[in-house]
>>> print(open('query04.csv').read())   # CSV, C-alpha atoms
chain,number,residue,atom,x,y,z
U,1,MET,CA,51.5,6.1,-63.8
U,2,SER,CA,51.1,4.5,-60.4
U,3,VAL,CA,50.7,6.4,-57.2
U,4,SER,CA,54.0,5.2,-55.8
U,5,THR,CA,55.8,6.3,-59.0
U,6,ARG,CA,54.3,9.8,-58.8
U,7,LYS,CA,55.2,10.1,-55.1
U,8,ARG,CA,58.8,9.0,-55.9
U,9,GLN,CA,59.1,11.5,-58.8
U,10,LYS,CA,57.7,14.3,-56.5
U,11,LYS,CA,60.2,13.4,-53.8
U,12,ASN,CA,63.1,13.4,-56.3
U,13,ARG,CA,62.0,16.9,-57.6
U,14,LYS,CA,61.8,18.2,-54.1
U,15,SER,CA,65.2,16.8,-53.2
U,16,ALA,CA,66.8,18.3,-56.4
U,17,ALA,CA,65.3,21.8,-55.6
U,18,GLY,CA,66.4,21.7,-52.0
U,19,ILE,CA,64.9,23.8,-49.2
U,20,ASP,CA,63.5,27.2,-50.0
U,21,GLY,CA,65.0,27.0,-53.5
U,22,MET,CA,68.6,26.3,-52.2
U,23,PRO,CA,70.3,23.4,-53.9
U,24,VAL,CA,70.9,20.3,-51.8
U,25,ARG,CA,74.5,20.2,-52.8
U,26,ILE,CA,77.1,22.5,-54.4
U,27,PRO,CA,79.3,20.9,-57.0
U,28,VAL,CA,82.8,20.4,-55.5
U,29,THR,CA,85.9,18.5,-56.6
U,30,ILE,CA,87.8,16.8,-53.6
U,31,THR,CA,91.3,15.5,-54.3
U,32,ILE,CA,92.4,14.3,-50.9
U,33,ARG,CA,91.5,11.2,-48.8
U,34,PRO,CA,90.7,11.9,-45.1
U,35,ARG,CA,92.3,9.8,-42.5
U,36,ARG,CA,90.6,6.6,-41.3
U,37,TYR,CA,90.0,8.4,-38.0
U,38,PHE,CA,87.1,10.3,-39.5
U,39,ALA,CA,85.3,7.0,-40.2
U,40,TYR,CA,84.4,6.6,-36.5
U,41,LYS,CA,84.8,10.2,-35.4
U,42,GLU,CA,81.2,11.0,-36.5
U,43,ILE,CA,79.9,8.4,-34.0
U,44,VAL,CA,82.1,9.8,-31.2
U,45,ASP,CA,80.8,13.3,-32.0
U,46,ARG,CA,77.2,12.3,-31.7
U,47,VAL,CA,77.8,10.6,-28.4
U,48,ALA,CA,79.7,13.6,-27.0
U,49,ALA,CA,77.0,16.0,-28.3
U,50,ALA,CA,74.3,14.0,-26.6
U,51,ILE,CA,76.2,14.2,-23.3
U,52,LEU,CA,76.7,18.0,-23.8
U,53,PHE,CA,73.2,18.7,-25.1
U,54,VAL,CA,71.3,19.2,-21.8
U,55,PRO,CA,73.8,21.6,-20.1
U,56,GLY,CA,74.4,23.2,-23.5
U,57,MET,CA,70.7,23.9,-24.1
U,58,LEU,CA,70.4,25.4,-20.6
U,59,VAL,CA,73.1,27.9,-21.5
U,60,VAL,CA,71.3,28.5,-24.8
U,61,LEU,CA,68.0,29.1,-23.0
U,62,VAL,CA,69.5,31.7,-20.7
U,63,ALA,CA,71.3,33.4,-23.5
U,64,ALA,CA,68.2,33.4,-25.7
U,65,ILE,CA,66.1,35.1,-22.9
U,66,LEU,CA,68.8,37.8,-22.5
U,67,VAL,CA,68.9,38.4,-26.3
U,68,ARG,CA,65.1,38.7,-26.4
U,69,LEU,CA,65.1,41.1,-23.5
U,70,THR,CA,67.9,43.4,-24.9
U,71,SER,CA,67.0,43.5,-28.6
U,72,ARG,CA,64.1,43.2,-31.0
U,73,GLY,CA,63.7,39.9,-32.9
U,74,TRP,CA,63.8,36.2,-32.4
U,75,PRO,CA,66.9,35.1,-30.5
U,76,ILE,CA,67.6,31.9,-32.5
U,77,PHE,CA,68.1,31.9,-36.2
U,78,SER,CA,69.4,29.6,-38.9
U,79,GLN,CA,71.7,30.1,-41.9
U,80,TYR,CA,72.5,27.9,-44.9
U,81,ARG,CA,76.0,26.5,-44.7
U,82,VAL,CA,78.0,24.0,-46.8
U,83,GLY,CA,79.0,20.8,-45.2
U,84,LYS,CA,80.8,17.6,-46.2
U,85,ASN,CA,81.0,16.9,-49.9
U,86,GLY,CA,79.2,20.2,-50.7
U,87,ARG,CA,75.9,19.3,-48.9
U,88,VAL,CA,73.9,22.3,-47.9
U,89,PHE,CA,72.2,22.4,-44.5
U,90,LYS,CA,70.7,24.8,-42.0
U,91,MET,CA,73.0,25.7,-39.2
U,92,TYR,CA,71.6,27.2,-35.9
U,93,LYS,CA,73.0,30.1,-34.0
U,94,ILE,CA,72.0,32.5,-31.2
U,95,ARG,CA,71.4,35.9,-32.8
U,96,THR,CA,74.2,38.4,-32.0
U,97,MET,CA,73.3,41.1,-34.4
U,98,ILE,CA,70.4,43.5,-34.7
U,99,ASP,CA,67.2,42.2,-36.2
U,100,GLY,CA,67.4,42.3,-40.0
U,101,ALA,CA,71.1,42.9,-40.1
U,102,GLU,CA,71.5,41.8,-43.7
U,103,GLN,CA,68.2,43.1,-45.2
U,104,GLY,CA,69.9,46.0,-47.0
U,105,THR,CA,73.3,44.4,-47.8
U,106,GLY,CA,72.8,40.7,-48.5
U,107,PRO,CA,75.2,38.1,-47.1
U,108,THR,CA,78.4,39.8,-45.9
U,109,TRP,CA,81.3,39.0,-43.6
U,110,ALA,CA,81.2,40.6,-40.2
U,111,GLN,CA,83.7,43.4,-39.7
U,112,PRO,CA,85.9,44.2,-36.6
U,113,HIS,CA,83.8,46.3,-34.3
U,114,ASP,CA,80.8,45.7,-36.6
U,115,PRO,CA,78.0,48.2,-35.6
U,116,ARG,CA,75.4,45.5,-36.4
U,117,VAL,CA,76.6,43.4,-33.4
U,118,THR,CA,74.7,44.2,-30.2
U,119,PRO,CA,76.5,44.7,-26.9
U,120,LEU,CA,75.3,41.4,-25.6
U,121,GLY,CA,76.2,39.8,-28.9
U,122,ARG,CA,79.8,40.9,-28.5
U,123,LEU,CA,80.0,39.0,-25.2
U,124,LEU,CA,78.3,35.9,-26.7
U,125,ARG,CA,80.7,35.9,-29.6
U,126,LYS,CA,83.8,36.4,-27.4
U,127,LEU,CA,82.8,33.4,-25.3
U,128,HIS,CA,81.5,31.5,-28.4
U,129,ILE,CA,78.2,30.9,-26.7
U,130,ASP,CA,76.3,31.8,-29.8
U,131,GLU,CA,77.6,28.5,-31.4
U,132,PHE,CA,76.0,26.3,-28.7
U,133,PRO,CA,72.8,25.6,-30.8
U,134,GLN,CA,75.0,23.8,-33.3
U,135,LEU,CA,74.9,20.8,-31.0
U,136,ILE,CA,71.6,20.1,-32.7
U,137,ASN,CA,73.5,20.0,-36.1
U,138,VAL,CA,76.0,17.5,-34.6
U,139,LEU,CA,73.2,15.3,-33.4
U,140,ARG,CA,71.6,15.4,-36.8
U,141,GLY,CA,74.9,14.3,-38.4
U,142,GLU,CA,75.5,17.6,-40.3
U,143,MET,CA,78.4,18.8,-38.2
U,144,SER,CA,81.2,17.7,-36.0
U,145,LEU,CA,82.4,19.1,-32.7
U,146,ILE,CA,85.9,19.6,-34.2
U,147,GLY,CA,86.5,20.5,-37.8
U,148,PRO,CA,86.7,23.3,-40.4
U,149,ARG,CA,84.0,25.9,-39.9
U,150,PRO,CA,81.1,25.7,-42.5
U,151,GLU,CA,80.9,28.6,-44.9
U,152,ARG,CA,77.8,30.0,-46.5
U,153,PRO,CA,76.8,28.8,-50.0
U,154,GLU,CA,77.0,32.3,-51.4
U,155,PHE,CA,80.7,32.5,-50.6
U,156,VAL,CA,81.6,28.9,-51.3
U,157,ALA,CA,80.4,29.1,-54.9
U,158,LYS,CA,82.9,31.9,-55.4
U,159,LEU,CA,85.8,30.8,-53.2
U,160,ILE,CA,86.2,27.4,-54.9
U,161,ASN,CA,87.0,29.2,-58.1
U,162,ILE,CA,89.4,31.7,-56.5
U,163,ILE,CA,91.4,29.7,-53.9
U,164,PRO,CA,93.2,26.5,-55.0
U,165,ASN,CA,92.2,23.4,-53.1
U,166,TYR,CA,89.5,25.2,-51.2
U,167,SER,CA,87.1,22.3,-52.0
U,168,ASN,CA,89.3,19.9,-50.1
U,169,ARG,CA,88.2,21.3,-46.7
U,170,LEU,CA,84.8,19.9,-47.6
U,171,ALA,CA,86.2,16.3,-47.4
U,172,VAL,CA,85.1,16.0,-43.8
U,173,MET,CA,82.3,17.2,-41.5
U,174,PRO,CA,82.5,20.9,-40.6
U,175,GLY,CA,83.0,21.6,-36.9
U,176,ILE,CA,81.8,23.9,-34.1
U,177,THR,CA,85.4,24.7,-33.4
U,178,GLY,CA,88.7,23.9,-35.1
U,179,LEU,CA,92.4,24.5,-35.5
U,180,ALA,CA,91.8,27.6,-37.7
U,181,GLN,CA,89.2,29.1,-35.4
U,182,ILE,CA,91.5,28.7,-32.4
U,183,ASN,CA,94.4,30.4,-34.1
U,184,LEU,CA,92.7,33.1,-36.3
U,185,PRO,CA,89.9,35.7,-36.0
U,186,PRO,CA,86.8,35.6,-38.2
U,187,ASP,CA,87.3,36.2,-42.0
U,188,ASN,CA,87.4,39.7,-43.3
U,189,THR,CA,89.4,39.3,-46.5
U,190,ILE,CA,90.3,36.6,-49.1
U,191,ASP,CA,93.7,36.3,-47.4
U,192,ASP,CA,92.0,35.4,-44.1
U,193,VAL,CA,90.3,32.5,-45.9
U,194,ARG,CA,93.6,31.3,-47.4
U,195,ARG,CA,95.3,31.3,-44.0
U,196,LYS,CA,92.5,29.3,-42.5
U,197,LEU,CA,92.5,26.9,-45.3
U,198,VAL,CA,96.2,26.0,-44.5
U,199,LEU,CA,95.1,25.1,-40.9
U,200,ASP,CA,92.0,23.3,-42.1
U,201,LEU,CA,94.0,21.1,-44.4
U,202,GLU,CA,96.6,20.5,-41.7
U,203,TYR,CA,93.9,19.3,-39.4
U,204,ILE,CA,92.4,16.9,-42.0
U,205,ASP,CA,95.9,15.5,-42.6
U,206,GLN,CA,96.9,15.1,-39.0
U,207,ALA,CA,93.5,14.6,-37.2
U,208,GLY,CA,93.4,12.2,-34.3
U,209,LEU,CA,91.8,11.7,-30.9
U,210,LEU,CA,94.6,13.5,-29.0
U,211,LEU,CA,94.5,16.5,-31.3
U,212,ASP,CA,90.7,16.7,-31.0
U,213,LEU,CA,90.8,16.5,-27.2
U,214,ARG,CA,93.4,19.3,-27.0
U,215,MET,CA,91.2,21.5,-29.2
U,216,PHE,CA,88.1,20.7,-27.2
U,217,PHE,CA,89.7,21.6,-23.9
U,218,CYS,CA,91.4,24.7,-25.4
U,219,THR,CA,87.9,25.9,-26.5
U,220,ALA,CA,86.5,25.0,-23.1
U,221,LEU,CA,89.1,27.2,-21.4
U,222,ARG,CA,88.2,30.1,-23.7
U,223,LEU,CA,84.5,29.7,-22.9
U,224,ILE,CA,85.3,30.5,-19.2
U,225,GLY,CA,87.3,33.6,-20.1
U,226,CYS,CA,90.9,32.2,-20.4
U,227,PRO,CA,92.8,34.3,-23.0
U,228,GLY,CA,93.2,32.5,-26.3
U,229,SER,CA,96.9,32.9,-26.4
U,230,VAL,CA,97.3,31.2,-23.0
U,231,ALA,CA,95.0,28.4,-23.9
U,232,MET,CA,96.8,27.7,-27.2
U,233,HIS,CA,100.2,27.7,-25.5
U,234,LEU,CA,99.0,25.4,-22.8
U,235,PHE,CA,97.8,22.8,-25.3
U,236,GLY,CA,100.5,23.4,-28.0
U,237,LEU,CA,98.0,24.6,-30.6
U,238,GLN,CA,99.6,27.8,-31.8
U,239,ARG,CA,100.6,27.8,-35.4
U,240,GLU,CA,102.8,30.1,-37.6
U,241,LEU,CA,101.4,30.8,-41.0
U,242,PRO,CA,103.3,31.9,-44.1
U,243,GLU,CA,102.8,35.0,-46.0
U,244,PHE,CA,100.8,34.6,-49.3
U,245,PRO,CA,101.7,36.1,-52.6
U,246,PRO,CA,99.0,38.1,-54.4
U,247,VAL,CA,96.3,36.1,-56.1
U,248,ARG,CA,95.1,37.2,-59.5
U,249,PRO,CA,92.7,34.6,-60.8
U,250,ALA,CA,91.5,35.1,-64.3
U,251,GLY,CA,87.8,36.0,-64.4
U,252,ALA,CA,87.5,35.6,-60.6
U,253,GLY,CA,85.1,38.5,-60.5
U,254,LEU,CA,86.7,40.0,-57.3
U,255,PRO,CA,87.9,43.5,-57.6
U,256,GLY,CA,91.7,43.9,-57.3
U,257,GLY,CA,92.4,40.2,-57.2
U,258,ASN,CA,95.2,40.8,-54.6
U,259,GLY,CA,93.9,38.6,-51.9
U,260,ALA,CA,93.0,41.5,-49.7
U,261,THR,CA,89.6,42.4,-51.2
U,262,SER,CA,87.2,44.0,-48.8
U,263,PRO,CA,84.3,41.7,-47.9
U,264,GLN,CA,81.8,44.3,-49.2
U,265,LYS,CA,83.4,44.4,-52.7
U,266,ALA,CA,84.0,40.7,-52.7
U,267,GLU,CA,80.4,40.0,-51.8
U,268,ALA,CA,79.1,42.5,-54.4
U,269,ALA,CA,80.9,40.5,-57.1
U,270,SER,CA,79.8,37.2,-55.6
U,271,LEU,CA,76.1,38.2,-55.6
U,272,GLN,CA,76.4,39.1,-59.3
U,273,ASP,CA,77.7,35.9,-60.7
U,274,ALA,CA,78.1,33.2,-58.0
U,275,SER,CA,76.4,30.0,-58.7
U,276,VAL,CA,74.2,30.3,-55.7
U,277,ARG,CA,72.7,33.8,-54.9
U,278,ALA,CA,70.4,34.8,-52.1
U,279,ALA,CA,67.2,36.5,-53.2
U,280,THR,CA,66.1,37.2,-49.7
U,281,PRO,CA,69.1,36.9,-47.3
U,282,ALA,CA,68.9,35.5,-43.8
U,283,ASN,CA,67.8,38.3,-41.5
U,284,GLY,CA,68.6,36.9,-38.2
U,285,ASN,CA,65.0,36.9,-36.9
U,286,GLY,CA,64.4,33.2,-37.2
U,287,SER,CA,62.0,33.6,-40.2
U,288,GLN,CA,62.2,31.3,-43.1
U,289,GLN,CA,64.9,32.1,-45.6
U,290,LYS,CA,64.0,32.3,-49.3
U,291,ALA,CA,66.7,31.9,-51.8
U,292,GLU,CA,67.0,31.7,-55.6
U,293,ALA,CA,69.4,29.2,-56.9
U,294,ALA,CA,70.9,28.9,-60.4
U,295,GLN,CA,70.5,25.7,-62.3
U,296,ILE,CA,73.2,23.6,-60.6
U,297,LYS,CA,73.5,19.9,-61.2
U,298,PRO,CA,74.3,18.3,-57.9
U,299,GLN,CA,77.4,16.4,-59.1
U,300,ILE,CA,80.0,15.7,-56.5
U,301,VAL,CA,83.4,14.2,-56.9
U,302,ALA,CA,83.7,12.8,-53.5
U,303,ALA,CA,86.8,11.7,-51.7
U,304,PRO,CA,87.9,8.1,-52.2
U,305,LYS,CA,87.4,5.7,-49.4
U,306,PRO,CA,89.5,6.5,-46.3
U,307,ARG,CA,92.7,4.7,-46.0
>>> encode(input="query04.csv", output="structure tokens")
Amino acid sequence: MSVSTRKRQKKNRKSAAGIDGMPVRIPVTITIRPRRYFAYKEIVDRVAAAILFVPGMLVVLVAAILVRLTSRGWPIFSQYRVGKNGRVFKMYKIRTMIDGAEQGTGPTWAQPHDPRVTPLGRLLRKLHIDEFPQLINVLRGEMSLIGPRPERPEFVAKLINIIPNYSNRLAVMPGITGLAQINLPPDNTIDDVRRKLVLDLEYIDQAGLLLDLRMFFCTALRLIGCPGSVAMHLFGLQRELPEFPPVRPAGAGLPGGNGATSPQKAEAASLQDASVRAATPANGNGSQQKAEAAQIKPQIVAAPKPR
């Protein structure tokens, strides 16, 4: 066997295993075709991120120093997230929780008034400054400025089997901000995820430059302290969402199955039989995450070519 063949086989094995044992992709089935707008949106995103990078990183530097001075642990950390077509990547954030927040629980959704969030972290979250490091992900072609928020693999592996059409939100690049994030608070229950999915799919269906600009400036107003309701009304982004009937998926593995399962119970079930499980969860201190992945063949049913 030649040296080049051995190197190629080694590279293929490394690609299949992913990073730290996490698979490179999660199998998803996408049944929608994104608008043609998304074909050139990625280029516009990178140009815009390059323009915003220098002022954005100055804000990150100041915030990181404040985080380091007010709490123990590294101020910047990374988490695995699921992007376009199920691709897994590392997303960067400013740490807003105490050091080692998930060491005893594993990956969990944050709660309202979560005691793990530091006082400074609450301010950073309110102003969305903790998301600024994701400009790096946009420059790397892993995220967009506007789009559905990327979810963690531990949750995605379960949600795609519980919520119909959940995989369709993976037809486009995930975003730093989006229509669902502007209208709704962070997820706490399965119903929260279902409501955001409605807005994510609406955005994918109706995306355009004007809508993106409205969401960009709406988010910018919120960054400087403008109330979210005022900003949404100003740019016409408020949405009314329907009530959902209870969901009782067969064999979903989530206690109750009524769409209002608590994140702790939902995650306990997810960690038992999700396709991707974290052996050592992200601890928010910037250290390398180690994960144990099940044998998942990286088969993707991607969206057809944009129309």
>>> residues_around(input="query04.csv", residues="stretch 230-233 of chain U", least_positions_apart="3", cutoff="10 Å", atoms="all atoms listed in the file", output="ChimeraX atom specification")
/U:179,182-183,214-215,217-222,226-227,236-239
>>> residues_around(input="query04.csv", residues="stretch 59-63 of chain U", least_positions_apart="4", cutoff="9 Å", atoms="only C-alpha atoms", output="PyMOL selection string")
chain U and resi 54-55+67-68+75+94+124+129-130+132-133
>>> residues_around(input="query04.csv", residues="U:Ser167", least_positions_apart="4", cutoff="8 Å", atoms="all atoms listed in the file", output="ChimeraX atom specification")
/U:28-30,160,171
>>> write_last_selection(input="query04.csv", atoms="C-alpha atoms", output="PDB file, in the frame of the given file")
ATOM      1  CA  VAL U  28      82.800  20.400 -55.500  1.00  0.00           C
ATOM      2  CA  THR U  29      85.900  18.500 -56.600  1.00  0.00           C
ATOM      3  CA  ILE U  30      87.800  16.800 -53.600  1.00  0.00           C
ATOM      4  CA  ILE U 160      86.200  27.400 -54.900  1.00  0.00           C
ATOM      5  CA  ALA U 171      86.200  16.300 -47.400  1.00  0.00           C
TER       6      ALA U 171
END
>>> residues_around(input="query04.csv", residues="U:Arg116", least_positions_apart="4", cutoff="10 Å", atoms="only C-alpha atoms", output="count of residues only")
10
>>> closest_residue(input="query04.csv", among="U:Ile51, U:Ile204, U:Leu184, U:Val44", to="U:Ser229", atoms="all atoms listed in the file")
U:Leu184
>>> closest_atom_pairs(input="query04.csv", of="stretch 10-77 of chain U", to="stretch 84-90 of chain U", cutoff="9 Å", atoms="all atoms listed in the file", output="CSV")
residue,atom,partner,partner_atom,distance
U:Gly18,CA,U:Val88,CA,8.6
U:Ile19,CA,U:Phe89,CA,8.8
U:Met22,CA,U:Val88,CA,7.9
U:Pro23,CA,U:Val88,CA,7.1
U:Val24,CA,U:Val88,CA,5.3
U:Arg25,CA,U:Arg87,CA,4.2
U:Ile26,CA,U:Gly86,CA,4.8
U:Pro27,CA,U:Gly86,CA,6.3
U:Val28,CA,U:Gly86,CA,6.0
U:Thr29,CA,U:Asn85,CA,8.5
U:Ile30,CA,U:Asn85,CA,7.7
>>> residues_around(input="query04.csv", residues="U:Leu139", least_positions_apart="4", cutoff="10 Å", atoms="all atoms listed in the file", output="list in words")
Glu42, Ile43, Asp45, Arg46, Val47, Ala48, Ala49, Ala50, Phe53, Gln134, Leu135, Met143, Ser144 and Leu145 of chain U
>>> write_last_selection(input="query04.csv", atoms="C-alpha atoms", output="PDB file, keeping the file's coordinate frame")
ATOM      1  CA  GLU U  42      81.200  11.000 -36.500  1.00  0.00           C
ATOM      2  CA  ILE U  43      79.900   8.400 -34.000  1.00  0.00           C
ATOM      3  CA  ASP U  45      80.800  13.300 -32.000  1.00  0.00           C
ATOM      4  CA  ARG U  46      77.200  12.300 -31.700  1.00  0.00           C
ATOM      5  CA  VAL U  47      77.800  10.600 -28.400  1.00  0.00           C
ATOM      6  CA  ALA U  48      79.700  13.600 -27.000  1.00  0.00           C
ATOM      7  CA  ALA U  49      77.000  16.000 -28.300  1.00  0.00           C
ATOM      8  CA  ALA U  50      74.300  14.000 -26.600  1.00  0.00           C
ATOM      9  CA  PHE U  53      73.200  18.700 -25.100  1.00  0.00           C
ATOM     10  CA  GLN U 134      75.000  23.800 -33.300  1.00  0.00           C
ATOM     11  CA  LEU U 135      74.900  20.800 -31.000  1.00  0.00           C
ATOM     12  CA  MET U 143      78.400  18.800 -38.200  1.00  0.00           C
ATOM     13  CA  SER U 144      81.200  17.700 -36.000  1.00  0.00           C
ATOM     14  CA  LEU U 145      82.400  19.100 -32.700  1.00  0.00           C
TER      15      LEU U 145
END
>>> atom_distance(input="query04.csv", atom1="atom CA of U:Phe216", atom2="atom CA of U:Trp74")
29.3 Å
>>> residues_near_point(input="query04.csv", point="(86.1, 28.0, -49.4)", cutoff="12 Å", atoms="only C-alpha atoms", output="ChimeraX atom specification")
/U:26,28-29,81-83,86,148-171,174,187,190-198,200-201
>>> atom_distance(input="query04.csv", atom1="atom CA of U:Glu131", atom2="atom CA of U:Tyr92")
7.6 Å
>>> residues_near_point(input="query04.csv", point="(84.1, 31.6, -36.0)", cutoff="8 Å", atoms="all atoms listed in the file", output="list in words")
Arg149, Thr177, Gln181, Pro185 and Pro186 of chain U
>>> closest_residue(input="query04.csv", among="U:Ile176, U:Leu241, U:Lys93, U:Phe38", to="U:Met57", atoms="all atoms listed in the file")
U:Lys93
>>> closest_residue(input="query04.csv", among="U:Tyr203, U:Val138, U:Arg122, U:Asp114", to="U:Arg35", atoms="all atoms listed in the file")
U:Tyr203
>>> build_atoms(input="query04.csv", residues="stretch 155-182 of chain U", atoms="N, CA and C atoms", output="mmCIF file, keeping the file's coordinate frame")
data_model
loop_
_atom_site.group_PDB
_atom_site.id
_atom_site.type_symbol
_atom_site.label_atom_id
_atom_site.label_comp_id
_atom_site.auth_asym_id
_atom_site.auth_seq_id
_atom_site.Cartn_x
_atom_site.Cartn_y
_atom_site.Cartn_z
ATOM 1 N N PHE U 155 79.234 32.291 -50.526
ATOM 2 C CA PHE U 155 80.700 32.500 -50.600
ATOM 3 C C PHE U 155 81.408 31.306 -51.153
ATOM 4 N N VAL U 156 80.954 30.096 -50.794
ATOM 5 C CA VAL U 156 81.600 28.900 -51.300
ATOM 6 C C VAL U 156 81.636 28.806 -52.776
ATOM 7 N N ALA U 157 80.483 29.138 -53.400
ATOM 8 C CA ALA U 157 80.400 29.100 -54.900
ATOM 9 C C ALA U 157 81.436 29.925 -55.531
ATOM 10 N N LYS U 158 81.897 30.979 -54.857
ATOM 11 C CA LYS U 158 82.900 31.900 -55.400
ATOM 12 C C LYS U 158 84.322 31.438 -55.000
ATOM 13 N N LEU U 159 84.479 31.063 -53.732
ATOM 14 C CA LEU U 159 85.800 30.800 -53.200
ATOM 15 C C LEU U 159 86.435 29.535 -53.862
ATOM 16 N N ILE U 160 85.620 28.556 -54.247
ATOM 17 C CA ILE U 160 86.200 27.400 -54.900
ATOM 18 C C ILE U 160 86.811 27.674 -56.223
ATOM 19 N N ASN U 161 86.435 28.800 -56.832
ATOM 20 C CA ASN U 161 87.000 29.200 -58.100
ATOM 21 C C ASN U 161 88.182 30.183 -57.936
ATOM 22 N N ILE U 162 88.396 30.658 -56.714
ATOM 23 C CA ILE U 162 89.400 31.700 -56.500
ATOM 24 C C ILE U 162 90.636 31.056 -55.748
ATOM 25 N N ILE U 163 90.386 30.195 -54.769
ATOM 26 C CA ILE U 163 91.400 29.700 -53.900
ATOM 27 C C ILE U 163 91.718 28.215 -54.259
ATOM 28 N N PRO U 164 92.923 27.883 -54.689
ATOM 29 C CA PRO U 164 93.200 26.500 -55.000
ATOM 30 C C PRO U 164 93.013 25.569 -53.828
ATOM 31 N N ASN U 165 92.444 24.406 -54.110
ATOM 32 C CA ASN U 165 92.200 23.400 -53.100
ATOM 33 C C ASN U 165 91.199 23.737 -52.040
ATOM 34 N N TYR U 166 90.438 24.801 -52.254
ATOM 35 C CA TYR U 166 89.500 25.200 -51.200
ATOM 36 C C TYR U 166 88.422 24.080 -51.013
ATOM 37 N N SER U 167 88.069 23.360 -52.080
ATOM 38 C CA SER U 167 87.100 22.300 -52.000
ATOM 39 C C SER U 167 87.518 21.174 -51.044
ATOM 40 N N ASN U 168 88.830 21.017 -50.857
ATOM 41 C CA ASN U 168 89.300 19.900 -50.100
ATOM 42 C C ASN U 168 88.931 19.997 -48.590
ATOM 43 N N ARG U 169 88.632 21.209 -48.120
ATOM 44 C CA ARG U 169 88.200 21.300 -46.700
ATOM 45 C C ARG U 169 86.794 20.744 -46.537
ATOM 46 N N LEU U 170 86.106 20.455 -47.636
ATOM 47 C CA LEU U 170 84.800 19.900 -47.600
ATOM 48 C C LEU U 170 84.837 18.328 -47.591
ATOM 49 N N ALA U 171 86.031 17.772 -47.448
ATOM 50 C CA ALA U 171 86.200 16.300 -47.400
ATOM 51 C C ALA U 171 85.708 15.703 -46.126
ATOM 52 N N VAL U 172 85.555 16.530 -45.086
ATOM 53 C CA VAL U 172 85.100 16.000 -43.800
ATOM 54 C C VAL U 172 83.990 16.900 -43.252
ATOM 55 N N MET U 173 83.383 16.447 -42.168
ATOM 56 C CA MET U 173 82.300 17.200 -41.500
ATOM 57 C C MET U 173 82.838 18.550 -41.021
ATOM 58 N N PRO U 174 82.086 19.630 -41.200
ATOM 59 C CA PRO U 174 82.500 20.900 -40.600
ATOM 60 C C PRO U 174 82.295 20.829 -39.078
ATOM 61 N N GLY U 175 82.986 21.709 -38.362
ATOM 62 C CA GLY U 175 83.000 21.600 -36.900
ATOM 63 C C GLY U 175 82.495 22.896 -36.228
ATOM 64 N N ILE U 176 82.152 22.755 -34.944
ATOM 65 C CA ILE U 176 81.800 23.900 -34.100
ATOM 66 C C ILE U 176 83.032 24.729 -33.809
ATOM 67 N N THR U 177 84.130 24.038 -33.551
ATOM 68 C CA THR U 177 85.400 24.700 -33.400
ATOM 69 C C THR U 177 86.464 23.936 -34.141
ATOM 70 N N GLY U 178 87.633 24.540 -34.313
ATOM 71 C CA GLY U 178 88.700 23.900 -35.100
ATOM 72 C C GLY U 178 90.002 24.575 -34.955
ATOM 73 N N LEU U 179 91.011 24.002 -35.569
ATOM 74 C CA LEU U 179 92.400 24.500 -35.500
ATOM 75 C C LEU U 179 92.442 25.953 -36.026
ATOM 76 N N ALA U 180 91.762 26.213 -37.135
ATOM 77 C CA ALA U 180 91.800 27.600 -37.700
ATOM 78 C C ALA U 180 91.077 28.568 -36.850
ATOM 79 N N GLN U 181 89.957 28.182 -36.245
ATOM 80 C CA GLN U 181 89.200 29.100 -35.400
ATOM 81 C C GLN U 181 89.940 29.431 -34.112
ATOM 82 N N ILE U 182 90.697 28.470 -33.595
ATOM 83 C CA ILE U 182 91.500 28.700 -32.400
ATOM 84 C C ILE U 182 92.595 29.685 -32.622
#
